[in-house]
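For reference, final.tsv is printed below; it contains TSV, C-alpha atoms and all ligand atoms.
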chain	number	residue	atom	x	y	z
A	11	MET	CA	108.57	128.06	109.31
A	12	LYS	CA	111.18	127.59	112.02
A	13	ILE	CA	113.73	124.75	111.92
A	14	LEU	CA	115.94	123.96	114.90
A	15	SER	CA	119.14	122.01	114.11
A	16	VAL	CA	120.91	120.06	116.85
A	17	VAL	CA	124.61	119.47	116.15
A	18	GLY	CA	127.55	118.55	118.33
A	19	ALA	CA	130.31	116.70	116.51
A	20	ARG	CA	132.65	117.49	113.64
A	21	PRO	CA	130.86	115.73	110.76
A	22	GLN	CA	127.60	117.39	111.78
A	23	PHE	CA	129.05	120.86	111.35
A	24	VAL	CA	129.96	119.90	107.78
A	25	LYS	CA	126.39	118.70	107.10
A	26	LEU	CA	124.93	121.77	108.78
A	27	ALA	CA	126.66	124.14	106.34
A	28	PRO	CA	124.50	123.45	103.24
A	29	VAL	CA	121.31	123.22	105.33
A	30	ALA	CA	122.01	126.61	106.94
A	31	ALA	CA	122.75	128.13	103.53
A	32	GLU	CA	119.52	126.74	102.05
A	33	CYS	CA	117.49	128.03	105.03
A	34	ALA	CA	118.97	131.50	104.46
A	35	ARG	CA	118.23	131.29	100.73
A	36	ARG	CA	114.56	130.42	101.38
A	37	GLY	CA	114.11	132.88	104.26
A	38	VAL	CA	113.45	130.05	106.73
A	39	GLU	CA	114.14	130.84	110.38
A	40	HIS	CA	116.93	128.52	111.52
A	41	VAL	CA	117.98	128.05	115.14
A	42	ILE	CA	121.33	126.28	115.64
A	43	VAL	CA	121.92	124.38	118.87
A	44	HIS	CA	125.53	123.24	119.49
A	45	THR	CA	125.57	120.61	122.21
A	46	GLY	CA	129.29	121.01	122.93
A	47	GLN	CA	130.03	117.29	122.41
A	48	HIS	CA	133.07	118.43	120.41
A	49	TYR	CA	134.68	121.44	122.04
A	50	ASP	CA	138.27	121.55	120.76
A	51	PRO	CA	138.54	124.46	118.28
A	52	VAL	CA	140.05	122.15	115.62
A	53	LEU	CA	136.99	119.90	115.83
A	54	SER	CA	134.40	122.69	116.12
A	55	ASP	CA	134.93	126.46	115.71
A	56	VAL	CA	137.10	126.16	112.63
A	57	PHE	CA	134.23	124.49	110.73
A	58	PHE	CA	131.81	127.32	111.49
A	59	ALA	CA	134.36	129.90	110.37
A	60	ASP	CA	135.53	128.14	107.20
A	61	LEU	CA	132.13	126.99	105.98
A	62	GLY	CA	130.35	130.29	106.68
A	63	ILE	CA	127.92	128.78	109.19
A	64	PRO	CA	126.19	131.31	111.46
A	65	ASP	CA	127.28	131.13	115.10
A	66	PRO	CA	125.14	128.78	117.20
A	67	ASP	CA	122.12	130.45	118.84
A	68	VAL	CA	122.42	128.09	121.81
A	69	HIS	CA	125.52	126.40	123.19
A	70	LEU	CA	124.86	123.61	125.70
A	71	GLY	CA	128.54	123.06	126.56
A	72	VAL	CA	128.10	119.43	127.67
A	73	GLY	CA	131.67	118.29	126.83
A	74	SER	CA	132.94	114.71	127.12
A	75	GLY	CA	131.67	111.90	129.31
A	76	SER	CA	130.47	108.32	129.23
A	77	HIS	CA	127.74	107.65	126.67
A	78	GLY	CA	125.02	107.81	129.32
A	79	ALA	CA	126.37	110.97	130.95
A	80	GLN	CA	126.91	112.77	127.64
A	81	THR	CA	123.55	111.75	126.14
A	82	GLY	CA	121.74	112.47	129.40
A	83	ALA	CA	123.28	115.92	129.82
A	84	ILE	CA	122.13	116.94	126.34
A	85	LEU	CA	118.65	115.49	126.93
A	86	ALA	CA	118.27	117.34	130.23
A	87	ALA	CA	119.32	120.64	128.68
A	88	MET	CA	117.12	120.38	125.56
A	89	ASP	CA	113.67	120.73	127.19
A	90	ALA	CA	114.15	124.40	127.99
A	91	VAL	CA	115.63	125.09	124.55
A	92	LEU	CA	112.69	123.54	122.70
A	93	GLU	CA	110.18	125.28	124.95
A	94	GLU	CA	111.84	128.65	124.36
A	95	HIS	CA	112.21	128.36	120.58
A	96	ALA	CA	109.08	126.27	119.78
A	97	PRO	CA	110.30	125.15	116.32
A	98	ASP	CA	108.11	123.59	113.62
A	99	TRP	CA	110.79	120.94	113.09
A	100	VAL	CA	113.80	119.66	115.00
A	101	LEU	CA	116.49	118.44	112.60
A	102	VAL	CA	119.10	115.96	113.85
A	103	TYR	CA	122.10	114.76	111.85
A	104	GLY	CA	123.78	111.37	111.70
A	105	ASP	CA	124.57	108.93	114.45
A	106	THR	CA	126.06	110.70	117.45
A	107	ASN	CA	124.98	110.97	121.06
A	108	SER	CA	123.90	114.54	120.26
A	109	THR	CA	121.56	113.19	117.57
A	110	LEU	CA	119.89	110.64	119.80
A	111	ALA	CA	119.42	113.12	122.65
A	112	GLY	CA	118.04	115.81	120.31
A	113	ALA	CA	115.55	113.37	118.78
A	114	LEU	CA	114.39	111.97	122.10
A	115	SER	CA	113.90	115.41	123.57
A	116	ALA	CA	111.77	116.52	120.60
A	117	VAL	CA	109.62	113.38	120.66
A	118	LYS	CA	108.87	113.77	124.34
A	119	LEU	CA	107.79	117.39	123.84
A	120	HIS	CA	105.71	116.47	120.76
A	121	VAL	CA	107.83	118.56	118.41
A	122	PRO	CA	108.12	116.98	114.93
A	123	VAL	CA	111.62	115.62	114.39
A	124	ALA	CA	113.43	114.79	111.15
A	125	HIS	CA	116.56	112.63	110.97
A	126	LEU	CA	119.03	113.60	108.29
A	127	GLU	CA	121.19	110.61	107.26
A	128	ALA	CA	118.43	108.15	108.21
A	129	GLY	CA	118.44	104.46	107.32
A	130	LEU	CA	122.17	103.79	107.45
A	131	ARG	CA	123.04	100.47	109.05
A	132	SER	CA	126.32	98.73	109.86
A	133	PHE	CA	124.45	95.88	111.63
A	134	ASN	CA	127.24	95.99	114.22
A	135	ARG	CA	125.37	96.31	117.51
A	136	ARG	CA	128.58	96.98	119.43
A	137	MET	CA	129.01	100.39	117.82
A	138	PRO	CA	127.46	103.35	119.68
A	139	GLU	CA	126.71	104.89	116.28
A	140	GLU	CA	124.50	101.90	115.38
A	141	HIS	CA	122.37	102.22	118.53
A	142	ASN	CA	122.08	105.94	117.97
A	143	ARG	CA	120.94	105.72	114.36
A	144	VAL	CA	118.46	102.86	114.90
A	145	LEU	CA	116.86	104.54	117.92
A	146	THR	CA	116.77	107.93	116.19
A	147	ASP	CA	115.14	106.54	113.04
A	148	HIS	CA	112.39	104.93	115.07
A	149	ALA	CA	111.81	108.12	117.08
A	150	ALA	CA	111.73	110.39	114.02
A	151	ASP	CA	108.59	111.61	112.23
A	152	LEU	CA	110.55	111.97	109.00
A	153	CYS	CA	113.52	109.83	107.94
A	154	LEU	CA	115.61	111.72	105.36
A	155	ALA	CA	117.67	109.02	103.66
A	156	PRO	CA	120.90	109.71	101.74
A	157	THR	CA	120.80	106.58	99.53
A	158	GLN	CA	118.42	103.99	98.09
A	159	VAL	CA	120.09	101.35	100.29
A	160	ALA	CA	119.18	103.45	103.34
A	161	VAL	CA	115.57	103.74	102.12
A	162	ASP	CA	115.47	99.93	101.77
A	163	HIS	CA	116.72	99.47	105.36
A	164	LEU	CA	114.00	101.80	106.62
A	165	ALA	CA	111.39	99.83	104.68
A	166	ASP	CA	112.70	96.57	106.18
A	167	GLU	CA	112.10	98.05	109.64
A	168	GLY	CA	108.55	99.18	108.86
A	169	LEU	CA	109.50	102.83	108.37
A	170	ALA	CA	108.82	103.17	104.61
A	171	GLY	CA	105.93	105.55	105.26
A	172	ARG	CA	108.24	108.07	106.93
A	173	ALA	CA	111.19	107.70	104.53
A	174	VAL	CA	112.18	110.25	101.86
A	175	LEU	CA	115.25	109.88	99.62
A	176	VAL	CA	116.99	113.28	99.59
A	177	GLY	CA	120.62	112.43	98.69
A	178	ASP	CA	123.62	113.29	100.81
A	179	VAL	CA	124.19	116.87	101.99
A	180	MET	CA	127.90	116.09	102.42
A	181	ILE	CA	128.19	116.01	98.64
A	182	ASP	CA	126.64	119.50	98.46
A	183	VAL	CA	129.32	120.96	100.72
A	184	LEU	CA	132.12	118.88	99.24
A	185	HIS	CA	131.44	120.18	95.71
A	186	ARG	CA	131.42	123.77	96.93
A	187	VAL	CA	134.58	123.45	98.98
A	188	ARG	CA	136.45	121.56	96.24
A	189	ASP	CA	135.58	124.26	93.69
A	190	GLU	CA	135.99	127.38	95.86
A	191	LEU	CA	138.13	126.76	98.92
A	192	ALA	CA	140.48	123.78	98.59
A	193	ASP	CA	144.05	124.98	98.00
A	194	VAL	CA	145.99	121.84	97.04
A	195	PRO	CA	149.49	123.38	96.70
A	196	ALA	CA	149.14	125.08	100.10
A	197	VAL	CA	148.05	121.92	101.87
A	198	LEU	CA	150.84	119.88	100.22
A	199	ALA	CA	153.36	122.45	101.44
A	200	GLU	CA	151.82	122.41	104.93
A	201	LEU	CA	151.97	118.61	105.11
A	202	GLY	CA	155.40	118.43	103.46
A	203	GLN	CA	154.11	115.92	100.88
A	204	GLN	CA	154.22	115.43	97.10
A	205	GLU	CA	151.06	115.14	95.00
A	206	GLY	CA	150.01	111.50	94.51
A	207	ALA	CA	152.76	110.12	96.75
A	208	PHE	CA	151.14	109.90	100.21
A	209	SER	CA	148.06	108.63	102.00
A	210	VAL	CA	145.85	110.49	104.45
A	211	ALA	CA	144.79	108.48	107.53
A	212	THR	CA	142.28	109.02	110.35
A	213	VAL	CA	141.39	106.62	113.18
A	214	HIS	CA	138.94	107.50	115.93
A	215	ARG	CA	136.22	104.84	116.33
A	216	ALA	CA	136.04	103.37	119.81
A	217	GLU	CA	136.33	99.82	118.43
A	218	ASN	CA	139.76	100.71	116.99
A	219	THR	CA	141.10	103.07	119.65
A	220	ASP	CA	139.89	101.51	122.89
A	221	ASP	CA	141.25	97.96	122.46
A	222	PRO	CA	145.03	98.25	123.09
A	223	GLU	CA	145.96	95.24	120.94
A	224	ARG	CA	143.86	96.39	118.03
A	225	LEU	CA	145.14	99.95	118.22
A	226	ARG	CA	148.74	98.73	118.28
A	227	ALA	CA	148.07	96.55	115.20
A	228	VAL	CA	146.51	99.51	113.34
A	229	VAL	CA	149.44	101.80	114.13
A	230	GLU	CA	152.07	99.19	113.26
A	231	ALA	CA	150.41	98.49	109.91
A	232	LEU	CA	150.27	102.23	109.12
A	233	GLN	CA	153.96	102.53	109.97
A	234	GLN	CA	154.74	99.71	107.48
A	235	VAL	CA	152.90	101.12	104.44
A	236	ASP	CA	155.30	101.48	101.46
A	237	HIS	CA	154.73	105.24	101.09
A	238	PRO	CA	154.31	108.18	103.50
A	239	VAL	CA	151.12	108.21	105.59
A	240	VAL	CA	149.91	111.40	107.29
A	241	LEU	CA	147.76	110.55	110.31
A	242	LEU	CA	145.37	113.38	111.24
A	243	ALA	CA	144.98	112.44	114.88
A	244	HIS	CA	141.58	112.90	116.57
A	245	PRO	CA	141.89	113.74	120.31
A	246	ARG	CA	140.42	110.34	121.21
A	247	LEU	CA	143.26	108.62	119.33
A	248	ARG	CA	145.96	110.74	120.94
A	249	ALA	CA	144.46	110.16	124.41
A	250	ARG	CA	144.20	106.37	124.01
A	251	ALA	CA	147.68	106.06	122.47
A	252	ALA	CA	149.18	108.06	125.36
A	253	GLU	CA	147.35	105.89	127.94
A	254	GLN	CA	148.71	102.78	126.23
A	255	GLY	CA	152.27	104.12	125.93
A	256	LEU	CA	152.04	103.84	122.14
A	257	ASP	CA	154.19	106.14	119.99
A	258	LEU	CA	152.25	107.06	116.84
A	259	ASP	CA	155.14	108.57	114.85
A	260	GLY	CA	157.52	106.10	113.20
A	261	GLY	CA	158.26	104.28	109.95
A	262	SER	CA	156.05	105.69	107.18
A	263	LEU	CA	153.77	107.42	109.67
A	264	THR	CA	153.74	111.13	110.52
A	265	VAL	CA	151.20	112.51	112.98
A	266	ARG	CA	149.38	115.83	112.54
A	267	ASP	CA	146.43	117.58	114.16
A	268	PRO	CA	143.06	117.29	112.39
A	269	LEU	CA	142.78	119.64	109.39
A	270	PRO	CA	140.16	122.28	108.72
A	271	TYR	CA	137.64	121.04	106.14
A	272	PRO	CA	138.96	122.87	103.05
A	273	SER	CA	142.49	121.60	103.81
A	274	LEU	CA	141.18	118.07	104.32
A	275	VAL	CA	139.45	118.20	100.94
A	276	GLY	CA	142.69	119.48	99.39
A	277	ALA	CA	144.71	116.72	101.06
A	278	VAL	CA	142.34	113.94	99.93
A	279	THR	CA	142.28	115.35	96.39
A	280	ALA	CA	146.10	115.22	96.24
A	281	ALA	CA	146.58	111.91	98.08
A	282	ARG	CA	147.11	108.53	96.42
A	283	GLY	CA	144.93	106.93	99.10
A	284	VAL	CA	142.84	107.38	102.24
A	285	ILE	CA	143.01	105.02	105.23
A	286	THR	CA	140.22	105.57	107.74
A	287	ASP	CA	137.47	104.35	110.03
A	288	SER	CA	135.39	107.50	109.46
A	289	GLY	CA	132.11	107.22	107.61
A	290	GLY	CA	132.29	110.67	106.06
A	291	LEU	CA	135.81	110.24	104.78
A	292	GLN	CA	134.92	107.03	102.94
A	293	LYS	CA	132.36	109.00	100.93
A	294	GLU	CA	134.57	112.03	100.47
A	295	ALA	CA	137.38	109.83	99.15
A	296	PHE	CA	134.95	108.22	96.70
A	297	ALA	CA	133.53	111.55	95.56
A	298	LEU	CA	137.07	112.84	94.93
A	299	ARG	CA	138.05	109.48	93.35
A	300	THR	CA	140.82	108.68	95.81
A	301	PRO	CA	140.98	104.96	96.71
A	302	CYS	CA	139.94	104.28	100.31
A	303	THR	CA	141.02	101.57	102.77
A	304	THR	CA	138.61	101.25	105.69
A	305	VAL	CA	139.74	99.74	108.99
A	306	ARG	CA	136.39	98.25	109.93
A	307	THR	CA	134.58	94.94	109.56
A	308	GLU	CA	131.58	96.57	107.85
A	309	THR	CA	130.49	99.88	106.39
A	310	GLU	CA	127.25	101.81	106.09
A	311	TRP	CA	128.50	103.19	102.76
A	312	VAL	CA	128.34	99.90	100.83
A	313	GLU	CA	128.22	101.69	97.44
A	314	THR	CA	131.88	102.73	97.81
A	315	VAL	CA	132.86	99.06	98.20
A	316	GLN	CA	130.56	97.76	95.46
A	317	LEU	CA	131.98	100.29	93.00
A	318	GLY	CA	135.53	99.14	93.81
A	319	TRP	CA	136.79	102.35	95.46
A	320	ASN	CA	136.82	101.15	99.07
A	321	VAL	CA	138.04	97.96	100.72
A	322	LEU	CA	137.39	96.82	104.29
A	323	VAL	CA	140.43	95.46	106.11
A	324	GLU	CA	141.54	94.15	109.46
A	325	PRO	CA	144.57	95.78	111.12
A	326	GLY	CA	147.81	94.02	110.13
A	327	PRO	CA	149.30	92.97	106.77
A	328	GLY	CA	145.90	93.25	105.05
A	329	LEU	CA	145.74	96.93	105.91
A	330	ARG	CA	149.35	97.54	104.90
A	331	ASP	CA	148.93	95.83	101.51
A	332	ALA	CA	145.52	97.32	100.67
A	333	ALA	CA	146.92	100.82	101.22
A	334	SER	CA	149.35	100.24	98.33
A	335	ARG	CA	146.90	98.83	95.80
A	336	PRO	CA	146.44	100.63	92.46
A	337	ALA	CA	143.40	102.81	91.77
A	338	PRO	CA	140.37	100.95	90.32
A	339	LEU	CA	138.71	101.63	86.98
A	340	PRO	CA	137.04	105.05	86.74
A	341	THR	CA	133.31	105.29	87.43
A	342	GLY	CA	130.74	107.99	86.81
A	343	ALA	CA	128.34	106.62	89.44
A	344	THR	CA	126.71	109.15	91.83
A	345	PRO	CA	125.10	107.04	94.57
A	346	TYR	CA	125.15	110.01	96.99
A	347	GLY	CA	123.22	112.41	94.81
A	348	ASP	CA	123.99	115.39	92.64
A	349	GLY	CA	124.98	117.96	95.27
A	350	HIS	CA	121.47	119.37	95.77
A	351	ALA	CA	120.42	117.39	98.82
A	352	ALA	CA	119.94	120.38	101.14
A	353	ALA	CA	117.26	121.76	98.82
A	354	ALA	CA	115.51	118.36	98.89
A	355	VAL	CA	115.68	118.36	102.70
A	356	LEU	CA	114.00	121.76	103.00
A	357	THR	CA	111.35	120.76	100.49
A	358	ALA	CA	110.66	117.54	102.44
A	359	LEU	CA	110.17	119.68	105.56
A	360	GLY	CA	107.65	121.82	103.68
A	361	ALA	CA	109.83	124.93	103.79
B	401	LIG	C1	131.86	111.19	117.90
B	401	LIG	C2	130.68	110.35	117.44
B	401	LIG	C3	131.03	109.64	116.13
B	401	LIG	C4	131.57	110.62	115.10
B	401	LIG	C5	132.72	111.40	115.71
B	401	LIG	C6	133.32	112.40	114.74
B	401	LIG	C7	129.25	109.41	119.21
B	401	LIG	C8	128.91	108.20	119.98
B	401	LIG	N1	130.33	109.32	118.43
B	401	LIG	O1	132.92	110.32	118.23
B	401	LIG	O2	129.87	109.00	115.62
B	401	LIG	O3	132.03	109.92	113.95
B	401	LIG	O4	132.25	112.07	116.87
B	401	LIG	O5	134.52	112.94	115.24
B	401	LIG	O6	128.56	110.42	119.34
B	401	LIG	N2	137.57	114.79	122.74
B	401	LIG	C9	138.39	115.88	122.88
B	401	LIG	N3	137.99	117.06	122.35
B	401	LIG	C10	136.81	117.20	121.68
B	401	LIG	C11	135.97	116.07	121.57
B	401	LIG	C12	136.37	114.88	122.08
B	401	LIG	O7	139.47	115.82	123.46
B	401	LIG	O8	136.51	118.31	121.19
B	401	LIG	C13	138.02	113.50	123.29
B	401	LIG	C14	137.55	113.24	124.68
B	401	LIG	O9	138.57	112.55	125.34
B	401	LIG	C15	136.37	112.32	124.50
B	401	LIG	C16	136.78	111.54	123.27
B	401	LIG	O10	137.53	112.46	122.48
B	401	LIG	O11	136.14	111.51	125.60
B	401	LIG	C17	135.63	111.02	122.48
B	401	LIG	O12	134.74	112.06	122.12
B	401	LIG	P1	133.18	111.70	121.85
B	401	LIG	O13	132.45	112.92	121.55
B	401	LIG	O14	132.68	110.85	122.96
B	401	LIG	O15	133.23	110.75	120.60
B	401	LIG	P2	134.07	110.77	119.25
B	401	LIG	O16	135.06	109.68	119.33
B	401	LIG	O17	134.56	112.13	118.87
Using the file provided, produce a representation of the structure as structure tokens.
Amino acid sequence: MKILSVVGARPQFVKLAPVAAECARRGVEHVIVHTGQHYDPVLSDVFFADLGIPDPDVHLGVGSGSHGAQTGAILAAMDAVLEEHAPDWVLVYGDTNSTLAGALSAVKLHVPVAHLEAGLRSFNRRMPEEHNRVLTDHAADLCLAPTQVAVDHLADEGLAGRAVLVGDVMIDVLHRVRDELADVPAVLAELGQQEGAFSVATVHRAENTDDPERLRAVVEALQQVDHPVVLLAHPRLRARAAEQGLDLDGGSLTVRDPLPYPSLVGAVTAARGVITDSGGLQKEAFALRTPCTTVRTETEWVETVQLGWNVLVEPGPGLRDAASRPAPLPTGATPYGDGHAAAAVLTALGA
């Protein structure tokens, strides 16, 4: 059995870690293709090193570009890779341009393709992630769903026959990192913060960063929060803020580079809150029981909201006030599985 994983962006490296480990455990041949969508070391190399992921076998080096250019460059490069490696399965992860291109390439060459994190929907057709996940689900031979809600969405779209509920591989890696690698005192010292007294923020979605008025409203609200906020700035955010002449530092807000994954887990564990537009961070905050404030009009991770640990807000006073709310009642719910999703993935692939 040979599985070929296509990854390209930060959250996919996190999800790749438990899959790569499970392949090694079962003696399954695993070819890793890095598209190069994320190329800054803080968004890429550091994840491979920290999470013990083998170096990519193939690096496409596509870099940044418009959606069409980036997706097209990956698609054009994948034919030769799939012909050379002839895998039994192509595995694509999540909702990025790398995912869509990897899936499309496999389908056209008649290589079976499985989509990990299938069935998520925001129903916001303006988000590139929504196009990518809908198109990838419909191209895939196997839709590996992280939640029952995702399975239900697949069924609504006529894909029940290809859907398998496997849980969320991000929980697998989160449990391991929390128990073995996260060093809370070290990350508090690095950030210059006190346990339980600060929030961690990330903002990178195009719908927040690329509209100057909206970005200004997000930043101003973060600066007005009644406790310190550490903003871990994605390169997209820094680039758009610079273009718009917007100073991110100020008021409650301190700007830092993105953290390596174990430090991020340590920071979220120690924080009083998370403020984000990232999908992964909403779940990680929930799993670590840190209240989350999400700067979006909808979320794919509805369980976090239903269980009271996440609220959706618009930029402005709503964001500022939600960031200061008290923690909700404790819950023992595990909507994202028990931390053994990678094993379920390999079993679903017949490995
Ligand atoms: C991508 C994914 C998004 C995912 C996110 C995680 C798509 C459509 N979006 O968004 O689903 O949540 O990754 O981070 O695939 N840049 C750098 N260095 C890098 C990478 C990007 O400077 O290593 C800058 C470039 O200016 C680039 C911009 O960030 O144009 C956006 O990068 P891109 O890969 O297009 O999307 P992300 O916003 O990172």
>> Given only C-alpha atoms and all ligand atoms as the basis, pick out the residue of A:Gln80, A:Thr106, A:Thr45, A:Asn134 nearest to ligand LIG 401 (chain B).
In response: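 Among the listed residues, the smallest separation from ligand LIG 401 (chain B) belongs to A:Thr106.
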> Given the choices A:Asp220, A:Asp178, A:Asp60, A:Glu294, which gets closest to ligand LIG 401 (chain B) if the distance is worked out from only C-alpha atoms and all ligand atoms?
Replying inline: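 Among A:Asp220, A:Asp178, A:Asp60, A:Glu294, it is A:Asp220 that comes nearest to ligand LIG 401 (chain B).
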>> Here is a test: counting all atoms listed in the file, which residue of A:Leu258, A:Val17, A:Val229, A:Met88 is nearest to His125 of chain A?
In response: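 Going through A:Leu258, A:Val17, A:Val229, A:Met88 one by one, the smallest distance to His125 of chain A is for A:Val17.
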>> So, with all atoms listed in the file as the atoms that count, which of A:Val174, A:Val159, A:Val305, A:Val355 lies closest to Arg224 of chain A?
In response: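 Of the candidates, the smallest distance to Arg224 of chain A is held by A:Val305.
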>> For Pro345 of chain A, find every residue with an atom within 9 Å (counting all atoms listed in the file), except residues of its own chain fewer than 5 positions away, and show them as a ChimeraX atom specification.
In response: /A:156-158,177-178,313-314
> Got a sec to check which residues lie within 8 Å of ligand LIG 401 (chain B), using all atoms listed in the file, and send them as a PyMOL selection string?
Replying inline: chain A and resi 19-21+46-54+73-77+80+104-109+138-139+142+214-216+244-247+249+288-290
>> Show me, as number ranges by chain, the residues that have an atom within 8 Å of segment 180-195 of chain A when counting only C-alpha atoms, minus same-chain residues fewer than 6 positions from it.
In response: A: 24-25, 27-28, 272-273, 275-277, 279-280, 290, 294, 297, 346-352
Skipping near chain neighbours, those fewer than 3 positions away, what residues fall within 12 Å of Asn218 of chain A using all atoms listed in the file, listed as a JSON list (two decimals) with C-alpha atoms, in the coordinates of the input?
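New file part.json:
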[["chain", "number", "residue", "atom", "x", "y", "z"],
["A", 137, "MET", "CA", 129.01, 100.39, 117.82],
["A", 212, "THR", "CA", 142.28, 109.02, 110.35],
["A", 213, "VAL", "CA", 141.39, 106.62, 113.18],
["A", 214, "HIS", "CA", 138.94, 107.50, 115.93],
["A", 215, "ARG", "CA", 136.22, 104.84, 116.33],
["A", 221, "ASP", "CA", 141.25, 97.96, 122.46],
["A", 222, "PRO", "CA", 145.03, 98.25, 123.09],
["A", 223, "GLU", "CA", 145.96, 95.24, 120.94],
["A", 224, "ARG", "CA", 143.86, 96.39, 118.03],
["A", 225, "LEU", "CA", 145.14, 99.95, 118.22],
["A", 226, "ARG", "CA", 148.74, 98.73, 118.28],
["A", 227, "ALA", "CA", 148.07, 96.55, 115.20],
["A", 228, "VAL", "CA", 146.51, 99.51, 113.34],
["A", 229, "VAL", "CA", 149.44, 101.80, 114.13],
["A", 246, "ARG", "CA", 140.42, 110.34, 121.21],
["A", 247, "LEU", "CA", 143.26, 108.62, 119.33],
["A", 250, "ARG", "CA", 144.20, 106.37, 124.01],
["A", 251, "ALA", "CA", 147.68, 106.06, 122.47],
["A", 286, "THR", "CA", 140.22, 105.57, 107.74],
["A", 287, "ASP", "CA", 137.47, 104.35, 110.03],
["A", 288, "SER", "CA", 135.39, 107.50, 109.46],
["A", 304, "THR", "CA", 138.61, 101.25, 105.69],
["A", 305, "VAL", "CA", 139.74, 99.74, 108.99],
["A", 306, "ARG", "CA", 136.39, 98.25, 109.93],
["A", 307, "THR", "CA", 134.58, 94.94, 109.56],
["A", 324, "GLU", "CA", 141.54, 94.15, 109.46],
["A", 325, "PRO", "CA", 144.57, 95.78, 111.12]]
>> Would you pick out the contacts of Val102 of chain A at 9 Å or less, using all atoms listed in the file, so that residues sharing its chain but fewer than 6 positions from it are not included, and give the list as an MDAnalysis selection string?
In response: chainID A and resid 14:17 22 108:110 112:113 123:127 146
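What separates atom CA of Leu241 of chain A from atom CA of Ile285 of chain A is a distance of 8.9 Å.
Distances to Gln254 of chain A were evaluated for A:Glu94, A:Ala354, A:Arg266, A:Thr219 using all atoms listed in the file, and the minimum falls at A:Thr219.
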> Which residue gives the smallest distance to Asp236 of chain A among A:Asp331, A:Asp65, A:Asp89, A:Asp98, with all atoms listed in the file counted?
Replying inline: A:Asp331
> Any idea what's packed within 10 Å of Val91 of chain A, counting only C-alpha atoms, ignoring anything in its chain fewer than 5 positions away? Could you give it as number ranges by chain?
Replying inline: A: 14, 43, 68, 70, 86, 96-97, 115
> In Å to one decimal, how far is atom CA of Glu253 of chain A from atom CA of Leu201 of chain A?
Replying inline: 26.5 Å
>> If I take atom CA of Ala173 of chain A and atom CA of Gly129 of chain A, how far is one from the other in Å, to one decimal?
In response: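 Distance reported for this atom pair: 8.4 Å.
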